>>> print(open('start-v1.cif').read())   # mmCIF, C-alpha atoms
data_data
loop_
_atom_site.label_atom_id
_atom_site.label_comp_id
_atom_site.auth_asym_id
_atom_site.auth_seq_id
_atom_site.Cartn_x
_atom_site.Cartn_y
_atom_site.Cartn_z
CA MET A 1381 10.77 -6.71 -11.19
CA ILE A 1382 9.09 -7.03 -7.79
CA ILE A 1383 5.61 -8.47 -7.38
CA CYS A 1384 3.90 -6.65 -4.52
CA GLY A 1385 0.80 -8.22 -3.02
CA HIS A 1386 -2.09 -5.76 -3.38
CA ARG A 1387 -3.79 -5.17 0.00
CA GLY A 1388 -1.95 -8.26 1.21
CA LEU A 1389 -2.91 -10.78 -1.45
CA ALA A 1390 -6.48 -9.87 -2.27
CA ASN A 1391 -7.56 -12.93 -4.26
CA LYS A 1392 -6.27 -15.35 -1.61
CA ALA A 1393 -7.43 -13.77 1.65
CA PRO A 1394 -9.48 -10.80 2.91
CA GLU A 1395 -7.75 -7.55 2.00
CA ASN A 1396 -5.76 -5.58 4.55
CA THR A 1397 -5.74 -8.39 7.12
CA LEU A 1398 -3.11 -10.48 8.85
CA SER A 1399 -4.39 -13.49 6.89
CA GLY A 1400 -3.63 -11.60 3.70
CA LEU A 1401 -0.09 -10.97 4.90
CA ILE A 1402 0.37 -14.65 5.72
CA ALA A 1403 -1.01 -15.60 2.29
CA ALA A 1404 1.52 -13.27 0.63
CA HIS A 1405 4.31 -14.90 2.60
CA ALA A 1406 3.09 -18.37 1.63
CA ALA A 1407 3.14 -17.27 -2.02
CA GLY A 1408 6.77 -16.26 -1.69
CA LEU A 1409 6.23 -12.50 -2.02
CA SER A 1410 8.70 -10.08 -0.47
CA TRP A 1411 6.44 -7.00 -0.61
CA VAL A 1412 2.82 -6.19 0.24
CA GLU A 1413 0.77 -3.01 -0.13
CA ILE A 1414 -1.73 -1.91 2.51
CA ASP A 1415 -4.10 1.02 3.14
CA VAL A 1416 -4.32 2.92 6.42
CA GLN A 1417 -6.75 5.44 7.88
CA LEU A 1418 -7.78 6.75 11.30
CA SER A 1419 -10.48 5.56 13.64
CA GLN A 1420 -12.56 8.08 15.57
CA ASP A 1421 -10.09 7.84 18.47
CA GLN A 1422 -7.03 8.29 16.22
CA GLU A 1423 -5.84 4.70 15.97
CA VAL A 1424 -4.14 3.79 12.67
CA VAL A 1425 -6.21 0.98 11.18
CA LEU A 1426 -5.74 -1.04 8.00
CA PHE A 1427 -8.74 -0.49 5.73
CA HIS A 1428 -9.32 0.67 2.17
CA ASP A 1429 -12.89 1.88 1.81
CA GLN A 1430 -14.40 4.95 3.39
CA ARG A 1431 -17.34 2.87 4.61
CA LEU A 1432 -17.30 -0.47 6.40
CA GLY A 1433 -20.03 -2.35 4.53
CA ARG A 1434 -18.12 -4.06 1.71
CA CYS A 1435 -15.40 -5.74 3.78
CA THR A 1436 -16.93 -6.13 7.26
CA ASP A 1437 -20.26 -6.77 8.94
CA GLY A 1438 -20.27 -3.15 10.12
CA SER A 1439 -21.83 -0.05 8.61
CA GLY A 1440 -21.10 3.64 8.27
CA ALA A 1441 -17.75 5.36 7.82
CA LEU A 1442 -14.72 3.87 9.52
CA ARG A 1443 -13.71 7.23 10.96
CA GLN A 1444 -17.03 7.41 12.86
CA HIS A 1445 -16.12 4.34 14.93
CA THR A 1446 -13.69 3.89 17.82
CA TRP A 1447 -11.02 1.21 17.74
CA ALA A 1448 -12.93 -0.70 20.45
CA GLU A 1449 -15.92 -0.83 18.12
CA LEU A 1450 -13.90 -1.66 15.02
CA GLN A 1451 -12.09 -4.59 16.58
CA GLN A 1452 -15.42 -6.31 17.21
CA LEU A 1453 -16.21 -6.48 13.49
CA ASP A 1454 -15.93 -9.57 11.31
CA ALA A 1455 -13.63 -8.62 8.43
CA GLY A 1456 -13.38 -12.07 6.88
CA SER A 1457 -16.76 -13.73 6.35
CA TRP A 1458 -17.49 -11.53 3.33
CA PHE A 1459 -14.54 -13.23 1.61
CA SER A 1460 -15.24 -16.81 2.69
CA GLU A 1461 -16.29 -18.86 5.72
CA GLN A 1462 -12.64 -19.89 6.09
CA PHE A 1463 -11.89 -16.39 7.36
CA LYS A 1464 -14.91 -15.96 9.63
CA ASN A 1465 -14.17 -13.59 12.54
CA GLU A 1466 -11.01 -12.20 10.94
CA ARG A 1467 -10.30 -8.89 12.66
CA LEU A 1468 -9.11 -5.54 11.35
CA PRO A 1469 -5.46 -5.03 12.32
CA LEU A 1470 -3.71 -1.97 13.63
CA LEU A 1471 -0.72 -0.73 11.65
CA SER A 1472 1.60 -1.51 14.56
CA GLU A 1473 0.64 -5.19 14.80
CA TYR A 1474 0.66 -5.65 11.03
CA LEU A 1475 4.16 -4.22 10.63
CA THR A 1476 5.47 -6.26 13.54
CA LYS A 1477 4.21 -9.43 11.88
CA ALA A 1478 5.54 -8.36 8.47
CA CYS A 1479 8.98 -7.87 9.97
CA GLU A 1480 8.83 -11.35 11.51
CA LEU A 1481 8.02 -12.74 8.05
CA ASN A 1482 10.71 -10.61 6.38
CA ILE A 1483 8.15 -8.86 4.17
CA GLN A 1484 8.50 -5.21 3.19
CA VAL A 1485 5.43 -2.99 3.26
CA ASN A 1486 4.14 -0.19 1.04
CA ILE A 1487 1.88 1.90 3.29
CA GLU A 1488 -0.72 3.85 1.32
CA LEU A 1489 -2.28 6.71 3.25
CA LYS A 1490 -5.93 6.44 2.33
CA LEU A 1491 -7.70 9.81 2.53
CA TYR A 1492 -11.28 10.77 1.89
CA PRO A 1493 -13.08 14.15 1.86
CA LYS A 1494 -13.02 15.88 5.26
CA ASP A 1495 -10.24 13.60 6.56
CA ASP A 1496 -7.50 15.42 8.46
CA ILE A 1497 -4.45 14.83 6.26
CA ARG A 1498 -1.86 16.04 8.73
CA GLN A 1499 -3.37 14.13 11.64
CA LEU A 1500 -3.17 10.84 9.77
CA CYS A 1501 0.47 11.56 8.93
CA VAL A 1502 1.27 12.47 12.53
CA GLN A 1503 -0.33 9.32 13.90
CA VAL A 1504 1.39 7.09 11.34
CA SER A 1505 4.77 8.68 12.06
CA GLN A 1506 4.26 8.15 15.81
CA VAL A 1507 3.43 4.47 15.30
CA LEU A 1508 6.56 4.03 13.21
CA ALA A 1509 8.78 5.97 15.60
CA ALA A 1510 7.71 3.62 18.42
CA LEU A 1511 8.41 0.53 16.29
CA PHE A 1512 11.80 1.92 15.22
CA SER A 1513 12.79 2.61 18.82
CA GLN A 1514 11.84 -0.94 19.80
CA GLY A 1515 13.84 -2.37 16.91
CA LYS A 1516 10.76 -4.13 15.52
CA VAL A 1517 10.79 -2.46 12.09
CA GLY A 1518 13.35 -0.53 10.05
CA ALA A 1519 12.74 2.42 7.75
CA ASN A 1520 14.38 0.48 4.90
CA GLN A 1521 11.55 -2.07 5.09
CA LEU A 1522 8.88 0.50 4.31
CA LEU A 1523 7.60 2.76 1.56
CA PHE A 1524 4.91 5.45 1.80
CA SER A 1525 2.55 6.23 -1.06
CA SER A 1526 -0.45 8.51 -1.47
CA PHE A 1527 -2.63 10.12 -4.12
CA GLU A 1528 -2.56 13.23 -1.91
CA PRO A 1529 0.62 15.30 -2.38
CA ALA A 1530 -0.02 17.12 0.92
CA ALA A 1531 0.29 13.82 2.77
CA LEU A 1532 3.67 13.12 1.18
CA CYS A 1533 4.79 16.64 2.06
CA HIS A 1534 3.85 16.12 5.73
CA LEU A 1535 5.60 12.75 5.80
CA GLN A 1536 8.73 14.29 4.29
CA GLN A 1537 8.85 16.61 7.30
CA LEU A 1538 7.72 14.16 9.98
CA ILE A 1539 9.59 10.97 9.08
CA PRO A 1540 11.95 11.64 6.16
CA GLU A 1541 13.88 8.40 6.57
CA VAL A 1542 11.01 6.41 5.04
CA PRO A 1543 11.01 6.74 1.23
CA ARG A 1544 7.95 8.08 -0.58
CA ALA A 1545 6.13 7.48 -3.87
CA LEU A 1546 3.50 9.63 -5.56
CA LEU A 1547 0.38 7.72 -6.56
CA VAL A 1548 -1.45 8.79 -9.71
CA GLU A 1549 -4.01 7.31 -12.04
CA GLN A 1550 -2.97 9.22 -15.14
CA ILE A 1551 0.62 10.48 -15.33
CA PRO A 1552 0.58 14.30 -15.10
CA LYS A 1553 2.65 16.44 -17.43
CA ASP A 1554 4.56 17.87 -14.47
CA TRP A 1555 5.33 14.49 -12.90
CA GLN A 1556 9.04 15.24 -12.58
CA ALA A 1557 8.47 18.60 -10.87
CA GLN A 1558 6.08 16.98 -8.41
CA LEU A 1559 8.47 14.15 -7.59
CA GLN A 1560 11.31 16.62 -7.04
CA GLN A 1561 9.22 18.90 -4.84
CA LEU A 1562 7.98 16.03 -2.66
CA GLY A 1563 11.34 14.28 -2.48
CA CYS A 1564 9.84 11.08 -3.88
CA GLU A 1565 11.89 8.22 -5.22
CA ALA A 1566 9.12 6.67 -7.32
CA LEU A 1567 5.95 7.23 -9.31
CA HIS A 1568 3.14 4.70 -8.93
CA CYS A 1569 0.56 4.77 -11.72
CA ALA A 1570 -2.26 2.73 -13.21
CA HIS A 1571 -0.63 0.22 -15.55
CA THR A 1572 -2.96 1.33 -18.34
CA ALA A 1573 -1.43 4.82 -18.20
CA LEU A 1574 2.16 3.71 -18.78
CA THR A 1575 3.56 3.89 -22.31
CA PRO A 1576 7.05 2.74 -23.30
CA ALA A 1577 8.12 6.35 -23.88
CA ARG A 1578 6.83 7.54 -20.51
CA ALA A 1579 8.44 4.61 -18.71
CA ALA A 1580 11.77 5.37 -20.36
CA ALA A 1581 11.52 9.08 -19.44
CA ILE A 1582 10.79 8.39 -15.77
CA ILE A 1583 13.58 5.85 -15.43
CA GLU A 1584 16.06 8.06 -17.32
CA ALA A 1585 15.24 10.88 -14.89
CA GLY A 1586 16.42 8.64 -12.04
CA TYR A 1587 13.07 7.54 -10.60
CA ARG A 1588 11.47 4.16 -10.16
CA VAL A 1589 8.12 3.48 -11.79
CA SER A 1590 5.62 1.00 -10.39
CA CYS A 1591 2.18 -0.01 -11.68
CA TYR A 1592 -1.15 -1.10 -10.22
CA THR A 1593 -3.20 -3.35 -10.41
CA VAL A 1594 -1.76 -6.05 -12.68
CA ASN A 1595 -3.46 -9.45 -12.61
CA LYS A 1596 -2.43 -10.90 -15.98
CA GLN A 1597 0.94 -12.53 -16.50
CA SER A 1598 1.19 -11.23 -20.06
CA ARG A 1599 0.86 -7.63 -18.88
CA ALA A 1600 3.35 -8.24 -16.08
CA ASP A 1601 5.84 -9.48 -18.66
CA GLN A 1602 5.28 -6.39 -20.82
CA LEU A 1603 5.86 -4.06 -17.89
CA ALA A 1604 9.00 -5.92 -16.87
CA SER A 1605 10.37 -5.39 -20.39
CA LEU A 1606 9.83 -1.63 -19.94
CA GLY A 1607 11.97 -1.57 -16.80
CA VAL A 1608 9.09 -1.23 -14.33
CA HIS A 1609 10.43 -1.67 -10.80
CA MET A 1610 7.36 -3.17 -9.14
CA ILE A 1611 3.78 -4.15 -9.91
CA PHE A 1612 0.89 -4.47 -7.48
CA SER A 1613 -1.15 -7.61 -7.98
CA ASP A 1614 -4.01 -9.50 -6.33
CA LYS A 1615 -2.42 -12.72 -7.57
CA PRO A 1616 0.97 -14.38 -6.96
CA LEU A 1617 2.31 -13.76 -10.46
CA LYS A 1618 5.78 -14.77 -11.55
CA VAL A 1619 8.68 -12.35 -11.60
CA ALA A 1620 9.49 -11.75 -15.25
CA LEU A 1621 13.09 -11.26 -16.33
CA PRO A 1622 14.20 -9.36 -19.43
CA CYS A 1623 15.26 -11.70 -22.22
CA GLU A 1624 18.95 -10.94 -21.82
CA GLN A 1625 18.82 -12.10 -18.17
CA GLN A 1626 17.12 -15.38 -18.91
CA GLY A 1627 19.08 -18.53 -19.35
CA PRO A 1628 18.97 -20.75 -22.44
CA SER A 1629 15.68 -22.50 -23.11
#
>>> encode(input="start-v1.cif", output="structure tokens")
Amino acid sequence: MIICGHRGLANKAPENTLSGLIAAHAAGLSWVEIDVQLSQDQEVVLFHDQRLGRCTDGSGALRQHTWAELQQLDAGSWFSEQFKNERLPLLSEYLTKACELNIQVNIELKLYPKDDIRQLCVQVSQVLAALFSQGKVGANQLLFSSFEPAALCHLQQLIPEVPRALLVEQIPKDWQAQLQQLGCEALHCAHTALTPARAAAIIEAGYRVSCYTVNKQSRADQLASLGVHMIFSDKPLKVALPCEQQGPS
């Protein structure tokens, strides 16, 4: 089972920052998850919330600010003085650094009411196309996820070489039909929604199942025993192996 650093590694460094990526690397993680959305001038910026107040010294909605304005914000002091003057990163610079560190990245397309779904997908695909052409990042190092099926549909058309996962909180009854329609390889769900029977059904149907946000080792071990492919965690938990793969005690 893979441990994927949630928003970088959110209990060790400010979320969705280069420091968070470096913290994940220091913890020995091979995957991180990030959130992306658009600035007012269509730059693809790492950020989770709709509004800037929780994780920066700015205010208002991120999409109401230009990249020039956003890059002046302090995105680290809220976490600790150690990260004072941490800056928001662009997707392009984050992925370039992740590739240097040999870390794979789950890119969640973060969408809020009135956001232009297709425009975000277009801008993300253009950033990736440029990185691919420069040889800085490969499609096999990435995974898209979104709670918005329309976003996954657009990405399937725009940049099909990057695999996709449908994000859900509760697992819908028609999960298999949705995954087939969107060409997804995985279902990502809240760990509290996953039962042994549902995990078995998803895996038997040929899909991977991943769970967020798991911060207790005991729960990570339970999910590993169910065949969960990956968990998203704020902490550098251990990778749990099924009993039959473990050596003698």
>>> atom_distance(input="start-v1.cif", atom1="CA of Ser1598 (chain A)", atom2="CA of Met1381 (chain A)")
13.8 Å
>>> residues_around(input="start-v1.cif", residues="region 1433-1443 of chain A", least_positions_apart="2", cutoff="7 Å", atoms="all atoms listed in the file", output="mmCIF file with C-alpha atoms, in the coordinates of the input")
data_model
loop_
_atom_site.group_PDB
_atom_site.id
_atom_site.type_symbol
_atom_site.label_atom_id
_atom_site.label_comp_id
_atom_site.auth_asym_id
_atom_site.auth_seq_id
_atom_site.Cartn_x
_atom_site.Cartn_y
_atom_site.Cartn_z
ATOM 1 C CA LEU A 1418 -7.780 6.750 11.300
ATOM 2 C CA SER A 1419 -10.480 5.560 13.640
ATOM 3 C CA GLN A 1420 -12.560 8.080 15.570
ATOM 4 C CA GLN A 1430 -14.400 4.950 3.390
ATOM 5 C CA ARG A 1431 -17.340 2.870 4.610
ATOM 6 C CA HIS A 1445 -16.120 4.340 14.930
ATOM 7 C CA LEU A 1453 -16.210 -6.480 13.490
ATOM 8 C CA ASP A 1454 -15.930 -9.570 11.310
ATOM 9 C CA ALA A 1455 -13.630 -8.620 8.430
ATOM 10 C CA GLY A 1456 -13.380 -12.070 6.880
ATOM 11 C CA TRP A 1458 -17.490 -11.530 3.330
#
>>> resolve_selection(input="start-v1.cif", expression="the PyMOL selection byres ((chain A and resi 1388) around 8)", output="PyMOL selection string")
chain A and resi 1385-1387+1389-1390+1393+1395-1397+1400-1401+1403-1404+1412-1414+1614
>>> atom_distance(input="start-v1.cif", atom1="CA of His1428 (chain A)", atom2="CA of Tyr1492 (chain A)")
10.3 Å
>>> closest_residue(input="start-v1.cif", among="A:Tyr1587, A:Asn1520, A:Ile1539, A:Lys1464", to="Trp1555 (chain A)", atoms="all atoms listed in the file")
A:Tyr1587
>>> resolve_selection(input="start-v1.cif", expression="the PyMOL selection byres ((chain A and resi 1609) around 7)", output="number ranges by chain")
A: 1381-1382, 1588-1590, 1607-1608, 1610
>>> closest_residue(input="start-v1.cif", among="A:His1534, A:Arg1467, A:Val1517, A:Leu1559", to="Val1502 (chain A)", atoms="all atoms listed in the file")
A:His1534
>>> residues_around(input="start-v1.cif", residues="region 1540-1544 of chain A", least_positions_apart="5", cutoff="6 Å", atoms="only C-alpha atoms", output="list in words")
Ala1519, Leu1523, Phe1524, Ser1525 and Cys1564 of chain A
>>> closest_residue(input="start-v1.cif", among="A:Ala1557, A:Ala1406, A:Leu1603, A:Ala1566", to="Gly1586 (chain A)", atoms="only C-alpha atoms")
A:Ala1566
>>> closest_atom_pairs(input="start-v1.cif", of="region 1408-1464 of chain A", to="region 1507-1512 of chain A", cutoff="12 Å", atoms="only C-alpha atoms", output="CSV")
residue,atom,partner,partner_atom,distance
A:Val1416,CA,A:Val1507,CA,11.9
A:Gln1422,CA,A:Val1507,CA,11.2
A:Glu1423,CA,A:Val1507,CA,9.3
A:Val1424,CA,A:Val1507,CA,8.0
A:Val1425,CA,A:Val1507,CA,11.0
>>> write_last_selection(input="start-v1.cif", atoms="C-alpha atoms", output="PDB file, in the frame of the given file")
ATOM      1  CA  VAL A1416      -4.320   2.920   6.420  1.00  0.00           C
ATOM      2  CA  GLN A1422      -7.030   8.290  16.220  1.00  0.00           C
ATOM      3  CA  GLU A1423      -5.840   4.700  15.970  1.00  0.00           C
ATOM      4  CA  VAL A1424      -4.140   3.790  12.670  1.00  0.00           C
ATOM      5  CA  VAL A1425      -6.210   0.980  11.180  1.00  0.00           C
TER       6      VAL A1425
END
>>> atom_distance(input="start-v1.cif", atom1="CA of Tyr1592 (chain A)", atom2="CA of Ser1460 (chain A)")
24.7 Å
>>> decode(input="start-v1.cif", residues="region 1457-1483 of chain A", atoms="N, CA, C and O atoms", output="PDB file, in the first residue's frame")
ATOM      1  N   SER A1457       3.581  31.556   7.422  1.00  0.00           N
ATOM      2  CA  SER A1457       3.582  32.000   8.818  1.00  0.00           C
ATOM      3  C   SER A1457       2.415  31.452   9.613  1.00  0.00           C
ATOM      4  O   SER A1457       2.518  31.244  10.831  1.00  0.00           O
ATOM      5  N   TRP A1458       1.281  31.209   8.939  1.00  0.00           N
ATOM      6  CA  TRP A1458       0.116  30.651   9.638  1.00  0.00           C
ATOM      7  C   TRP A1458       0.439  29.291  10.246  1.00  0.00           C
ATOM      8  O   TRP A1458      -0.124  28.900  11.272  1.00  0.00           O
ATOM      9  N   PHE A1459       1.394  28.579   9.630  1.00  0.00           N
ATOM     10  CA  PHE A1459       1.756  27.237  10.086  1.00  0.00           C
ATOM     11  C   PHE A1459       2.788  27.329  11.215  1.00  0.00           C
ATOM     12  O   PHE A1459       2.612  26.722  12.269  1.00  0.00           O
ATOM     13  N   SER A1460       3.857  28.072  10.971  1.00  0.00           N
ATOM     14  CA  SER A1460       4.853  28.343  12.006  1.00  0.00           C
ATOM     15  C   SER A1460       5.835  29.392  11.484  1.00  0.00           C
ATOM     16  O   SER A1460       5.957  29.603  10.276  1.00  0.00           O
ATOM     17  N   GLU A1461       6.549  30.028  12.422  1.00  0.00           N
ATOM     18  CA  GLU A1461       7.537  31.045  12.046  1.00  0.00           C
ATOM     19  C   GLU A1461       8.643  30.461  11.168  1.00  0.00           C
ATOM     20  O   GLU A1461       9.274  31.174  10.389  1.00  0.00           O
ATOM     21  N   GLN A1462       8.869  29.163  11.299  1.00  0.00           N
ATOM     22  CA  GLN A1462       9.902  28.501  10.492  1.00  0.00           C
ATOM     23  C   GLN A1462       9.642  28.678   9.003  1.00  0.00           C
ATOM     24  O   GLN A1462      10.588  28.716   8.204  1.00  0.00           O
ATOM     25  N   PHE A1463       8.381  28.807   8.633  1.00  0.00           N
ATOM     26  CA  PHE A1463       8.020  28.890   7.218  1.00  0.00           C
ATOM     27  C   PHE A1463       7.558  30.294   6.813  1.00  0.00           C
ATOM     28  O   PHE A1463       6.866  30.460   5.813  1.00  0.00           O
ATOM     29  N   LYS A1464       7.983  31.294   7.574  1.00  0.00           N
ATOM     30  CA  LYS A1464       7.620  32.669   7.257  1.00  0.00           C
ATOM     31  C   LYS A1464       8.058  33.021   5.842  1.00  0.00           C
ATOM     32  O   LYS A1464       9.159  32.675   5.417  1.00  0.00           O
ATOM     33  N   ASN A1465       7.172  33.673   5.108  1.00  0.00           N
ATOM     34  CA  ASN A1465       7.409  34.109   3.721  1.00  0.00           C
ATOM     35  C   ASN A1465       7.441  32.974   2.707  1.00  0.00           C
ATOM     36  O   ASN A1465       7.903  33.160   1.574  1.00  0.00           O
ATOM     37  N   GLU A1466       6.948  31.794   3.098  1.00  0.00           N
ATOM     38  CA  GLU A1466       6.729  30.730   2.113  1.00  0.00           C
ATOM     39  C   GLU A1466       5.752  31.248   1.057  1.00  0.00           C
ATOM     40  O   GLU A1466       4.774  31.925   1.377  1.00  0.00           O
ATOM     41  N   ARG A1467       6.023  30.942  -0.207  1.00  0.00           N
ATOM     42  CA  ARG A1467       5.187  31.445  -1.289  1.00  0.00           C
ATOM     43  C   ARG A1467       4.316  30.351  -1.886  1.00  0.00           C
ATOM     44  O   ARG A1467       4.662  29.166  -1.836  1.00  0.00           O
ATOM     45  N   LEU A1468       3.180  30.757  -2.448  1.00  0.00           N
ATOM     46  CA  LEU A1468       2.359  29.809  -3.197  1.00  0.00           C
ATOM     47  C   LEU A1468       3.108  29.410  -4.464  1.00  0.00           C
ATOM     48  O   LEU A1468       3.666  30.263  -5.144  1.00  0.00           O
ATOM     49  N   PRO A1469       3.111  28.136  -4.807  1.00  0.00           N
ATOM     50  CA  PRO A1469       3.787  27.713  -6.034  1.00  0.00           C
ATOM     51  C   PRO A1469       2.823  27.565  -7.216  1.00  0.00           C
ATOM     52  O   PRO A1469       1.628  27.300  -7.038  1.00  0.00           O
ATOM     53  N   LEU A1470       3.360  27.732  -8.394  1.00  0.00           N
ATOM     54  CA  LEU A1470       2.646  27.361  -9.609  1.00  0.00           C
ATOM     55  C   LEU A1470       2.761  25.858  -9.809  1.00  0.00           C
ATOM     56  O   LEU A1470       3.732  25.227  -9.371  1.00  0.00           O
ATOM     57  N   LEU A1471       1.803  25.286 -10.516  1.00  0.00           N
ATOM     58  CA  LEU A1471       1.846  23.852 -10.806  1.00  0.00           C
ATOM     59  C   LEU A1471       3.131  23.489 -11.534  1.00  0.00           C
ATOM     60  O   LEU A1471       3.749  22.459 -11.242  1.00  0.00           O
ATOM     61  N   SER A1472       3.547  24.312 -12.475  1.00  0.00           N
ATOM     62  CA  SER A1472       4.729  23.990 -13.283  1.00  0.00           C
ATOM     63  C   SER A1472       5.983  23.860 -12.425  1.00  0.00           C
ATOM     64  O   SER A1472       6.763  22.911 -12.585  1.00  0.00           O
ATOM     65  N   GLU A1473       6.193  24.794 -11.492  1.00  0.00           N
ATOM     66  CA  GLU A1473       7.403  24.729 -10.673  1.00  0.00           C
ATOM     67  C   GLU A1473       7.316  23.584  -9.656  1.00  0.00           C
ATOM     68  O   GLU A1473       8.333  22.943  -9.348  1.00  0.00           O
ATOM     69  N   TYR A1474       6.127  23.313  -9.159  1.00  0.00           N
ATOM     70  CA  TYR A1474       5.967  22.221  -8.199  1.00  0.00           C
ATOM     71  C   TYR A1474       6.272  20.876  -8.858  1.00  0.00           C
ATOM     72  O   TYR A1474       7.004  20.048  -8.303  1.00  0.00           O
ATOM     73  N   LEU A1475       5.734  20.653 -10.046  1.00  0.00           N
ATOM     74  CA  LEU A1475       5.959  19.376 -10.717  1.00  0.00           C
ATOM     75  C   LEU A1475       7.413  19.208 -11.137  1.00  0.00           C
ATOM     76  O   LEU A1475       7.954  18.093 -11.107  1.00  0.00           O
ATOM     77  N   THR A1476       8.039  20.293 -11.531  1.00  0.00           N
ATOM     78  CA  THR A1476       9.467  20.226 -11.884  1.00  0.00           C
ATOM     79  C   THR A1476      10.294  19.778 -10.685  1.00  0.00           C
ATOM     80  O   THR A1476      11.171  18.908 -10.800  1.00  0.00           O
ATOM     81  N   LYS A1477       9.990  20.349  -9.521  1.00  0.00           N
ATOM     82  CA  LYS A1477      10.713  19.969  -8.308  1.00  0.00           C
ATOM     83  C   LYS A1477      10.381  18.540  -7.898  1.00  0.00           C
ATOM     84  O   LYS A1477      11.274  17.779  -7.479  1.00  0.00           O
ATOM     85  N   ALA A1478       9.120  18.136  -8.029  1.00  0.00           N
ATOM     86  CA  ALA A1478       8.735  16.769  -7.684  1.00  0.00           C
ATOM     87  C   ALA A1478       9.477  15.760  -8.538  1.00  0.00           C
ATOM     88  O   ALA A1478       9.907  14.706  -8.041  1.00  0.00           O
ATOM     89  N   CYS A1479       9.625  16.076  -9.810  1.00  0.00           N
ATOM     90  CA  CYS A1479      10.357  15.177 -10.704  1.00  0.00           C
ATOM     91  C   CYS A1479      11.817  15.061 -10.281  1.00  0.00           C
ATOM     92  O   CYS A1479      12.389  13.975 -10.286  1.00  0.00           O
ATOM     93  N   GLU A1480      12.412  16.183  -9.883  1.00  0.00           N
ATOM     94  CA  GLU A1480      13.802  16.164  -9.407  1.00  0.00           C
ATOM     95  C   GLU A1480      13.950  15.268  -8.179  1.00  0.00           C
ATOM     96  O   GLU A1480      14.969  14.598  -8.010  1.00  0.00           O
ATOM     97  N   LEU A1481      12.918  15.258  -7.341  1.00  0.00           N
ATOM     98  CA  LEU A1481      12.942  14.461  -6.107  1.00  0.00           C
ATOM     99  C   LEU A1481      12.417  13.044  -6.313  1.00  0.00           C
ATOM    100  O   LEU A1481      12.353  12.267  -5.358  1.00  0.00           O
ATOM    101  N   ASN A1482      12.016  12.735  -7.542  1.00  0.00           N
ATOM    102  CA  ASN A1482      11.473  11.412  -7.872  1.00  0.00           C
ATOM    103  C   ASN A1482      10.207  11.112  -7.068  1.00  0.00           C
ATOM    104  O   ASN A1482      10.025  10.007  -6.552  1.00  0.00           O
ATOM    105  N   ILE A1483       9.345  12.114  -6.965  1.00  0.00           N
ATOM    106  CA  ILE A1483       8.065  11.960  -6.268  1.00  0.00           C
ATOM    107  C   ILE A1483       6.937  12.085  -7.284  1.00  0.00           C
ATOM    108  O   ILE A1483       6.921  12.992  -8.118  1.00  0.00           O
TER     109      ILE A1483
END
